[in-house]
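Engineer: Sharing coords-v5.tsv, TSV, C-alpha atoms and all ligand atoms:
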chain	number	residue	atom	x	y	z
E	918	MET	CA	114.78	288.77	-0.29
E	919	ASP	CA	113.39	287.22	-3.48
E	920	TYR	CA	115.18	288.73	-6.44
E	921	GLY	CA	113.16	286.65	-8.90
E	922	ARG	CA	114.33	285.76	-12.38
E	923	GLN	CA	115.72	288.85	-14.03
E	924	VAL	CA	116.53	287.46	-17.43
E	925	THR	CA	114.47	286.96	-20.52
E	926	ASP	CA	115.35	285.17	-23.74
E	927	GLN	CA	117.87	287.92	-24.38
E	928	GLY	CA	120.58	288.74	-21.88
E	929	TYR	CA	122.43	286.77	-19.23
E	930	ALA	CA	121.61	283.07	-19.83
E	931	PHE	CA	122.16	281.86	-16.26
E	932	ASP	CA	120.30	282.66	-13.06
E	933	ASN	CA	121.60	283.21	-9.52
E	934	ALA	CA	118.35	281.69	-8.19
E	935	ASN	CA	119.20	278.38	-9.87
E	936	ALA	CA	120.24	275.34	-7.76
E	937	GLN	CA	123.59	275.22	-9.59
E	938	ALA	CA	124.45	278.88	-8.94
E	939	GLY	CA	126.60	278.11	-5.89
E	940	ASP	CA	128.75	275.59	-7.81
E	941	HIS	CA	128.86	277.93	-10.79
E	942	HIS	CA	130.23	280.85	-8.78
E	943	ARG	CA	132.66	278.66	-6.77
E	944	ALA	CA	134.11	277.29	-10.02
E	945	LEU	CA	134.48	280.82	-11.41
E	946	ALA	CA	136.28	281.97	-8.27
E	947	ASP	CA	138.62	278.93	-8.32
E	948	LEU	CA	139.31	279.42	-12.02
E	949	LEU	CA	139.80	283.17	-12.18
E	950	ASP	CA	140.24	284.92	-8.83
E	951	ALA	CA	144.03	284.55	-8.52
E	952	GLU	CA	144.61	286.17	-11.92
E	953	THR	CA	141.97	288.86	-11.32
E	954	ARG	CA	143.52	289.82	-7.97
E	955	ALA	CA	147.03	289.95	-9.42
E	956	HIS	CA	145.79	292.11	-12.30
E	957	ILE	CA	143.97	294.54	-10.00
E	958	GLU	CA	147.08	294.84	-7.81
E	959	ASP	CA	149.11	295.68	-10.93
E	960	LEU	CA	146.64	298.46	-11.79
E	961	ILE	CA	145.97	300.18	-8.46
E	962	ASP	CA	147.12	300.45	-4.83
E	963	LEU	CA	143.95	299.51	-3.01
E	964	PRO	CA	144.43	301.01	0.50
E	965	GLY	CA	142.26	304.12	0.84
E	966	LYS	CA	140.50	303.57	-2.49
E	967	ARG	CA	136.76	303.32	-3.40
E	968	CYS	CA	135.86	300.33	-5.58
E	969	LEU	CA	132.81	299.29	-7.57
E	970	GLU	CA	132.38	295.59	-8.38
E	971	VAL	CA	129.68	295.32	-11.06
E	972	ALA	CA	127.84	291.99	-11.52
E	973	ALA	CA	129.60	290.66	-8.44
E	974	GLY	CA	128.05	287.16	-8.59
E	975	ALA	CA	128.86	285.48	-5.28
E	976	GLY	CA	131.15	288.37	-4.34
E	977	SER	CA	134.53	286.62	-4.12
E	978	ILE	CA	136.35	289.58	-5.68
E	979	ALA	CA	134.18	292.17	-3.87
E	980	SER	CA	134.98	290.48	-0.54
E	981	TRP	CA	138.71	290.46	-1.31
E	982	LEU	CA	138.56	294.14	-2.36
E	983	ALA	CA	136.82	294.97	0.93
E	984	GLU	CA	139.76	293.46	2.85
E	985	HIS	CA	142.17	295.88	1.15
E	986	ALA	CA	140.33	299.02	0.01
E	987	ALA	CA	138.56	301.76	1.99
E	988	GLU	CA	135.08	301.10	0.63
E	989	VAL	CA	133.48	298.70	-1.86
E	990	LEU	CA	130.09	298.75	-3.57
E	991	ALA	CA	129.07	295.37	-5.04
E	992	THR	CA	126.12	295.32	-7.45
E	993	ASP	CA	124.27	292.59	-9.30
E	994	ILE	CA	120.78	292.11	-10.71
E	995	ALA	CA	120.55	289.13	-8.33
E	996	PRO	CA	122.94	289.81	-5.42
E	997	GLN	CA	121.69	287.18	-2.96
E	998	HIS	CA	124.98	285.23	-2.92
E	999	ILE	CA	127.18	288.19	-1.94
E	1000	PRO	CA	128.12	287.88	1.75
E	1001	ALA	CA	127.89	290.79	4.22
E	1002	ARG	CA	131.32	292.17	5.21
E	1003	PRO	CA	132.76	295.29	6.80
E	1004	ARG	CA	133.41	298.03	4.20
E	1005	LEU	CA	131.25	296.17	1.63
E	1006	THR	CA	127.87	297.55	0.55
E	1007	VAL	CA	125.68	295.27	-1.57
E	1008	ARG	CA	123.04	296.66	-3.88
E	1009	GLN	CA	120.64	295.17	-6.39
E	1010	HIS	CA	121.26	297.12	-9.58
E	1011	ASP	CA	120.99	296.58	-13.32
E	1012	ILE	CA	124.04	298.11	-14.98
E	1013	VAL	CA	122.12	298.66	-18.23
E	1014	THR	CA	119.04	300.44	-16.90
E	1015	GLY	CA	119.97	301.39	-13.33
E	1016	GLU	CA	120.79	304.79	-11.89
E	1017	HIS	CA	124.29	306.30	-11.76
E	1018	LEU	CA	126.25	304.74	-8.91
E	1019	GLY	CA	128.72	307.54	-8.12
E	1020	ARG	CA	132.46	307.69	-8.78
E	1021	PHE	CA	135.07	305.11	-7.88
E	1022	ASP	CA	138.85	304.69	-8.13
E	1023	LEU	CA	138.38	301.15	-9.48
E	1024	VAL	CA	135.44	299.80	-11.47
E	1025	HIS	CA	135.63	296.07	-12.24
E	1026	ALA	CA	133.25	293.72	-14.06
E	1027	ARG	CA	134.12	290.10	-14.85
E	1028	LEU	CA	132.13	287.96	-17.31
E	1029	LEU	CA	129.37	290.50	-17.79
E	1030	LEU	CA	129.70	292.58	-20.95
E	1031	GLY	CA	130.12	289.63	-23.33
E	1032	HIS	CA	126.77	288.28	-22.11
E	1033	LEU	CA	124.77	291.50	-22.54
E	1034	PRO	CA	123.25	292.56	-25.86
E	1035	GLN	CA	123.23	296.11	-24.43
E	1036	ARG	CA	126.94	295.91	-23.59
E	1037	LEU	CA	127.77	299.40	-24.90
E	1038	ASP	CA	125.13	300.99	-22.61
E	1039	ALA	CA	126.60	299.04	-19.68
E	1040	LEU	CA	130.11	300.12	-20.65
E	1041	ARG	CA	128.99	303.78	-20.77
E	1042	GLN	CA	127.58	303.45	-17.23
E	1043	MET	CA	130.80	301.94	-15.99
E	1044	VAL	CA	133.00	304.58	-17.64
E	1045	ALA	CA	130.81	307.28	-16.03
E	1046	ALA	CA	131.47	305.62	-12.65
E	1047	VAL	CA	135.28	305.96	-12.90
E	1048	ALA	CA	136.64	308.94	-10.95
E	1049	PRO	CA	139.40	311.11	-12.45
E	1050	GLY	CA	142.65	309.14	-12.07
E	1051	GLY	CA	140.69	305.90	-11.70
E	1052	VAL	CA	140.74	302.68	-13.68
E	1053	LEU	CA	138.21	300.37	-15.35
E	1054	LEU	CA	138.91	296.65	-15.75
E	1055	THR	CA	136.58	294.28	-17.58
E	1056	GLU	CA	137.13	290.58	-18.27
E	1057	ASP	CA	135.38	288.34	-20.77
E	1058	PHE	CA	135.75	284.80	-22.05
E	1059	THR	CA	136.55	283.94	-25.62
E	1060	THR	CA	137.11	280.50	-27.11
E	1061	GLY	CA	140.66	279.46	-27.96
E	1062	PRO	CA	141.81	279.14	-31.59
E	1063	GLY	CA	142.15	275.33	-31.68
E	1064	THR	CA	139.75	272.44	-31.17
E	1065	PHE	CA	137.94	272.43	-27.83
E	1066	VAL	CA	138.75	268.78	-26.98
E	1067	SER	CA	142.53	268.43	-26.84
E	1068	TYR	CA	142.35	264.87	-25.54
E	1069	ALA	CA	139.67	262.37	-24.54
E	1070	PRO	CA	140.14	258.66	-23.95
E	1071	ASP	CA	137.88	257.57	-26.85
E	1072	PRO	CA	136.09	258.98	-29.92
E	1073	VAL	CA	132.64	258.69	-28.30
E	1074	THR	CA	133.72	261.01	-25.45
E	1075	THR	CA	135.41	263.39	-27.88
E	1076	GLY	CA	132.20	263.54	-29.94
E	1077	ALA	CA	129.95	264.09	-26.92
E	1078	LEU	CA	132.12	266.91	-25.55
E	1079	SER	CA	132.49	268.59	-28.95
E	1080	ARG	CA	128.75	268.50	-29.69
E	1081	TYR	CA	127.96	269.73	-26.19
E	1082	MET	CA	130.35	272.71	-26.47
E	1083	GLU	CA	129.04	273.65	-29.92
E	1084	ALA	CA	125.46	273.67	-28.60
E	1085	HIS	CA	126.51	275.48	-25.38
E	1086	LEU	CA	128.01	278.32	-27.43
E	1087	GLU	CA	124.93	278.44	-29.68
E	1088	VAL	CA	122.59	278.72	-26.67
E	1089	LEU	CA	124.61	281.61	-25.24
E	1090	ALA	CA	124.74	283.34	-28.64
E	1091	ALA	CA	120.93	283.03	-28.90
E	1092	HIS	CA	120.72	284.99	-25.62
E	1093	GLY	CA	122.79	287.78	-27.20
E	1094	SER	CA	126.18	286.70	-25.89
E	1095	ASP	CA	129.13	287.70	-28.09
E	1096	ARG	CA	132.26	285.68	-27.47
E	1097	GLN	CA	134.31	287.99	-29.71
E	1098	TRP	CA	133.41	291.04	-27.61
E	1099	GLY	CA	136.64	290.85	-25.58
E	1100	HIS	CA	138.63	291.40	-28.77
E	1101	ARG	CA	136.65	294.58	-29.50
E	1102	ALA	CA	136.69	295.89	-25.93
E	1103	PRO	CA	139.98	297.83	-26.28
E	1104	ALA	CA	138.54	299.80	-29.23
E	1105	ALA	CA	135.32	300.45	-27.28
E	1106	PHE	CA	137.36	301.65	-24.28
E	1107	ALA	CA	139.39	304.04	-26.48
E	1108	GLU	CA	136.22	305.33	-28.18
E	1109	ALA	CA	134.70	305.93	-24.72
E	1110	GLY	CA	137.62	308.30	-23.99
E	1111	LEU	CA	139.67	306.04	-21.70
E	1112	THR	CA	143.45	306.34	-21.86
E	1113	ASP	CA	146.29	303.84	-21.36
E	1114	VAL	CA	144.03	301.09	-22.75
E	1115	ARG	CA	145.60	297.64	-22.43
E	1116	LEU	CA	144.59	294.07	-23.23
E	1117	ARG	CA	145.87	291.10	-21.21
E	1118	VAL	CA	145.05	287.44	-21.99
E	1119	HIS	CA	144.86	284.59	-19.48
E	1120	GLY	CA	144.12	280.92	-20.13
E	1121	GLY	CA	145.27	277.35	-20.48
E	1122	SER	CA	144.09	273.76	-20.53
E	1123	TRP	CA	141.14	272.56	-18.43
E	1124	HIS	CA	141.40	268.99	-17.17
E	1125	GLY	CA	138.42	266.88	-16.11
E	1126	GLY	CA	137.44	267.92	-12.57
E	1127	ASP	CA	139.36	271.26	-12.78
E	1128	PRO	CA	137.52	274.53	-12.05
E	1129	GLY	CA	136.94	275.18	-15.78
E	1130	CYS	CA	135.30	271.78	-16.21
E	1131	ARG	CA	133.30	272.26	-12.98
E	1132	LEU	CA	132.09	275.56	-14.42
E	1133	LEU	CA	130.80	273.78	-17.52
E	1134	LEU	CA	129.27	271.05	-15.37
E	1135	ALA	CA	127.32	273.66	-13.36
E	1136	SER	CA	126.24	275.35	-16.63
E	1137	LEU	CA	124.95	272.17	-18.19
E	1138	PRO	CA	121.64	271.75	-16.28
E	1139	GLN	CA	121.02	275.51	-16.50
E	1140	LEU	CA	121.23	275.39	-20.30
E	1141	ARG	CA	119.51	271.98	-20.62
E	1142	ASP	CA	116.39	273.17	-22.49
E	1143	GLY	CA	118.45	275.03	-25.07
E	1144	LEU	CA	120.87	272.11	-25.46
E	1145	LEU	CA	118.02	269.65	-26.05
E	1146	ALA	CA	116.43	272.09	-28.52
E	1147	ARG	CA	119.69	271.90	-30.50
E	1148	GLY	CA	119.45	268.13	-30.90
E	1149	LEU	CA	121.35	266.83	-27.88
E	1150	THR	CA	119.71	264.12	-25.79
E	1151	ASP	CA	119.77	263.59	-22.04
E	1152	ASP	CA	122.14	260.66	-22.70
E	1153	ASP	CA	124.51	263.01	-24.54
E	1154	LEU	CA	124.39	265.43	-21.60
E	1155	ALA	CA	125.08	262.60	-19.12
E	1156	LEU	CA	128.09	261.51	-21.18
E	1157	ALA	CA	129.40	265.07	-21.38
E	1158	ALA	CA	128.89	265.54	-17.62
E	1159	GLU	CA	130.81	262.34	-16.87
E	1160	ALA	CA	133.64	263.38	-19.19
E	1161	LEU	CA	133.90	266.80	-17.53
E	1162	MET	CA	134.89	265.02	-14.30
E	1163	ASP	CA	137.23	262.48	-15.98
E	1164	PRO	CA	140.81	263.53	-15.08
E	1165	ARG	CA	142.10	262.03	-18.36
E	1166	VAL	CA	140.16	264.62	-20.38
E	1167	ILE	CA	142.07	267.73	-21.52
E	1168	LEU	CA	140.14	270.67	-22.93
E	1169	SER	CA	141.43	273.82	-24.57
E	1170	GLY	CA	139.98	276.19	-21.95
E	1171	PHE	CA	138.32	279.51	-22.67
E	1172	LEU	CA	140.69	282.46	-22.74
E	1173	THR	CA	139.94	285.44	-20.51
E	1174	LEU	CA	140.45	288.75	-22.31
E	1175	GLN	CA	141.05	291.47	-19.73
E	1176	THR	CA	140.81	295.10	-20.83
E	1177	SER	CA	141.86	298.03	-18.68
E	1178	GLY	CA	141.71	301.77	-19.25
E	1179	ARG	CA	142.08	304.94	-17.21
E	1180	VAL	CA	140.21	308.22	-16.84
E	1181	ALA	CA	142.66	311.11	-17.04
E	1201	LIG	C1	129.01	284.91	-15.13
E	1201	LIG	S1	128.44	285.70	-13.69
E	1201	LIG	C2	129.95	286.45	-13.15
E	1201	LIG	C3	129.97	286.75	-11.69
E	1201	LIG	C4	131.25	287.39	-11.19
E	1201	LIG	N1	131.51	288.66	-11.86
E	1201	LIG	C5	132.43	286.47	-11.42
E	1201	LIG	O1	133.14	286.63	-12.42
E	1201	LIG	O2	132.63	285.57	-10.58
E	1201	LIG	C6	127.56	287.12	-14.30
E	1201	LIG	C7	126.85	287.92	-13.24
E	1201	LIG	O3	126.29	289.06	-13.89
E	1201	LIG	C8	125.04	289.36	-13.29
E	1201	LIG	N2	124.30	290.19	-14.23
E	1201	LIG	C9	123.72	289.80	-15.39
E	1201	LIG	N3	123.14	290.84	-16.02
E	1201	LIG	C10	123.36	291.93	-15.23
E	1201	LIG	C11	123.01	293.31	-15.33
E	1201	LIG	N4	122.30	293.77	-16.38
E	1201	LIG	N5	123.39	294.16	-14.33
E	1201	LIG	C12	124.09	293.69	-13.28
E	1201	LIG	N6	124.45	292.39	-13.12
E	1201	LIG	C13	124.10	291.52	-14.09
E	1201	LIG	C14	124.44	287.99	-13.03
E	1201	LIG	O4	123.39	288.02	-12.08
E	1201	LIG	C15	125.69	287.21	-12.54
E	1201	LIG	O5	125.83	287.28	-11.15
Show how you would write the structure in this file as structure tokens.
Structural biologist:
Amino acid sequence: MDYGRQVTDQGYAFDNANAQAGDHHRALADLLDAETRAHIEDLIDLPGKRCLEVAAGAGSIASWLAEHAAEVLATDIAPQHIPARPRLTVRQHDIVTGEHLGRFDLVHARLLLGHLPQRLDALRQMVAAVAPGGVLLTEDFTTGPGTFVSYAPDPVTTGALSRYMEAHLEVLAAHGSDRQWGHRAPAAFAEAGLTDVRLRVHGGSWHGGDPGCRLLLASLPQLRDGLLARGLTDDDLALAAEALMDPRVILSGFLTLQTSGRVA
């Protein structure tokens, strides 16, 4: 099925129809799945439960949930990368404008709300999808407090990586992305009536060739136009791409802010 391009200048800056989408989602899974799974297991006993995975991407977490829970619904505006599995239903759905999806014991969305200008509408939809006694978990990136490039072998590489990351963050912000959202999510959860609201933070260094750097490498061609519009050249992008695969490079990786809350 052709899901077409769902995004405009505002909203999610990437596109699952893009040639880099496979690498992008693989890098995300390698970077984040172990922590996401452990967190979900801390929050809920999956056997017998109904789960909703919003903005499932390539479905690595939805597939894992389907191995353990009774029933899983995975949604995305562009769900073509989510594999078919027993107990897993896949549906094209926009969490901002789409219809109510029913009630679930677990609702999870990773790296969605921070991207969406209409994040509070999406949050309302997700809260409405949590059954009594159920739990909502959302996860969003934020940048760490220090400099992005912890170590590079020479000043030229340091400069190329720093300029690239600055422009990368500007391009996402121009699409309506808010990298501080994760810090405000606990307040938004409490205001939405959720109880037992908790924030957990996960992160660390990203070395050249690691999943975090592979994620940036897959993002780079997708954001190329915006990066060039902010003064970078194709030579700068080539240098940054090379550095992202250089094992000597150490970056201060994005932090993942994970917010959970329950419906009484
Ligand atoms: C950064 S990816 C994260 C994918 C997956 N959650 C993960 O962490 O591996 C964001 C996903 O959100 C989806 N998305 C963007 N806007 C959406 C919307 N309004 N409703 C549902 N999905 C959306 C995109 O198509 C993409 O698959």
Engineer: Using all atoms listed in the file, pick whichever of E:Trp981, E:Phe1065, E:Phe1106, E:Tyr1081 has the shortest atom-to-atom distance to Thr1150 (chain E).
Structural biologist: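 Of E:Trp981, E:Phe1065, E:Phe1106, E:Tyr1081, the one nearest Thr1150 (chain E), counting all atoms listed in the file, is E:Tyr1081.
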Engineer: Select all residues near (132.0, 302.9, -23.8) (cut-off 10 Å, inclusive, file coordinates), counting only C-alpha atoms, and output them as JSON, numbers by chain.
Structural biologist: {"E": [1036, 1037, 1038, 1039, 1040, 1041, 1042, 1043, 1044, 1045, 1102, 1103, 1104, 1105, 1106, 1107, 1108, 1109, 1110, 1111]}
Engineer: Neighbouring residues of ligand LIG 1201 (chain E) are defined here as those with any atom at most 6 Å from a ligand atom, counting all atoms listed in the file; list them as a CSV table (one decimal) with C-alpha atoms, in the coordinates of the input.
Structural biologist:
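Listed below is the output, result-v8.csv:
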chain,number,residue,atom,x,y,z
E,929,TYR,CA,122.4,286.8,-19.2
E,933,ASN,CA,121.6,283.2,-9.5
E,942,HIS,CA,130.2,280.8,-8.8
E,945,LEU,CA,134.5,280.8,-11.4
E,946,ALA,CA,136.3,282.0,-8.3
E,972,ALA,CA,127.8,292.0,-11.5
E,973,ALA,CA,129.6,290.7,-8.4
E,974,GLY,CA,128.0,287.2,-8.6
E,993,ASP,CA,124.3,292.6,-9.3
E,994,ILE,CA,120.8,292.1,-10.7
E,995,ALA,CA,120.6,289.1,-8.3
E,1010,HIS,CA,121.3,297.1,-9.6
E,1011,ASP,CA,121.0,296.6,-13.3
E,1012,ILE,CA,124.0,298.1,-15.0
E,1013,VAL,CA,122.1,298.7,-18.2
E,1026,ALA,CA,133.2,293.7,-14.1
E,1027,ARG,CA,134.1,290.1,-14.8
E,1028,LEU,CA,132.1,288.0,-17.3
E,1029,LEU,CA,129.4,290.5,-17.8
Engineer: In Å, with one decimal, what is the gap from CA of His1032 (chain E) to CA of Arg1147 (chain E)?
Structural biologist: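 Here the two named atoms are 19.7 Å from each other.
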Engineer: Using only C-alpha atoms, determine which residues lie at most 12 Å from Leu1133 (chain E), disregarding the query and same-chain residues fewer than 5 positions distant; provide the list as an MDAnalysis selection string.
Structural biologist: chainID E and resid 931 937:938 940:945 948 1078 1081:1082 1085:1086 1123:1128 1138:1141 1154 1157:1162 1168 1170:1171
Engineer: How many Å lie between CA of Cys1130 (chain E) and CA of Leu949 (chain E), rounded to one decimal?
Structural biologist: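 Separating CA of Cys1130 (chain E) from CA of Leu949 (chain E) is a distance of 12.9 Å.
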Engineer: If you count all atoms listed in the file, which residues fall within 9 Å of Pro1003 (chain E), apart from same-chain ones fewer than 2 positions away, as an NGL selection string?
Structural biologist: :E and (983-984 or 988 or 1001 or 1005-1006)
Engineer: Would you work out the distance separating CA of Gln1009 (chain E) from CA of Glu1056 (chain E), expressed in Å to one decimal?
Structural biologist: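 Separation between CA of Gln1009 (chain E) and CA of Glu1056 (chain E): 20.8 Å.
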Engineer: Write out as an NGL selection string the residues lying within 6 Å of Leu1054 (chain E), counting all atoms listed in the file and excluding same-chain residues fewer than 4 positions away.
Structural biologist: :E and (1025 or 1176-1177)
Engineer: Would you please work out which residue, of E:Arg1080, E:Ile961, E:Thr1014, E:Ala951, is nearest to His1119 (chain E) when using all atoms listed in the file?
Structural biologist: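 Going through E:Arg1080, E:Ile961, E:Thr1014, E:Ala951 one by one, the smallest distance to His1119 (chain E) is for E:Ala951.
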Engineer: Could you put an axis-aligned box around every listed atom of region 1067-1085 of chain E, padded by 4 Å on each side, and send me its centre and edge lengths in Å to one decimal, as AutoDock Vina command-line options?
Structural biologist:
--center_x 134.0 --center_y 266.5 --center_z -26.9 --size_x 25.1 --size_y 25.9 --size_z 14.0
Engineer: So, with all atoms listed in the file as the atoms that count, which of E:Leu1156, E:Leu1089, E:Leu1172, E:Val1052 lies closest to Gly1129 (chain E)?
Structural biologist: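 Among the listed residues, E:Leu1172 lies closest to Gly1129 (chain E).
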Engineer: Hey, which of E:Val1007, E:Ala991, E:Leu963, E:Leu1134 ends up closest to Asp1022 (chain E)? Count only C-alpha atoms.
Structural biologist: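 Checking each of E:Val1007, E:Ala991, E:Leu963, E:Leu1134 against Asp1022 (chain E), counting only C-alpha atoms, the winner is E:Leu963.
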Engineer: Considering only C-alpha atoms, state which residue in the set E:Ala986, E:Ala1155, E:Ala1146, E:Leu1132 is at the smallest distance from Asp962 (chain E).
Structural biologist: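 Residue with the minimum atom-to-atom distance to Asp962 (chain E): E:Ala986.
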Engineer: Tell me, as JSON, numbers by chain, which residues lie within 8 Å of Gly1031 (chain E), counting only C-alpha atoms; anything in the same chain fewer than 5 positions away does not count.
Structural biologist: {"E": [1036, 1057, 1058, 1094, 1095, 1096, 1097, 1098, 1099]}
Engineer: Ranking E:Arg1131, E:Arg967, E:Arg1101, E:His1017 by minimum distance to Arg1115 (chain E) and counting all atoms listed in the file, which one comes first?
Structural biologist: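 With all atoms listed in the file as the atom set, the closest residue is E:Arg1101.
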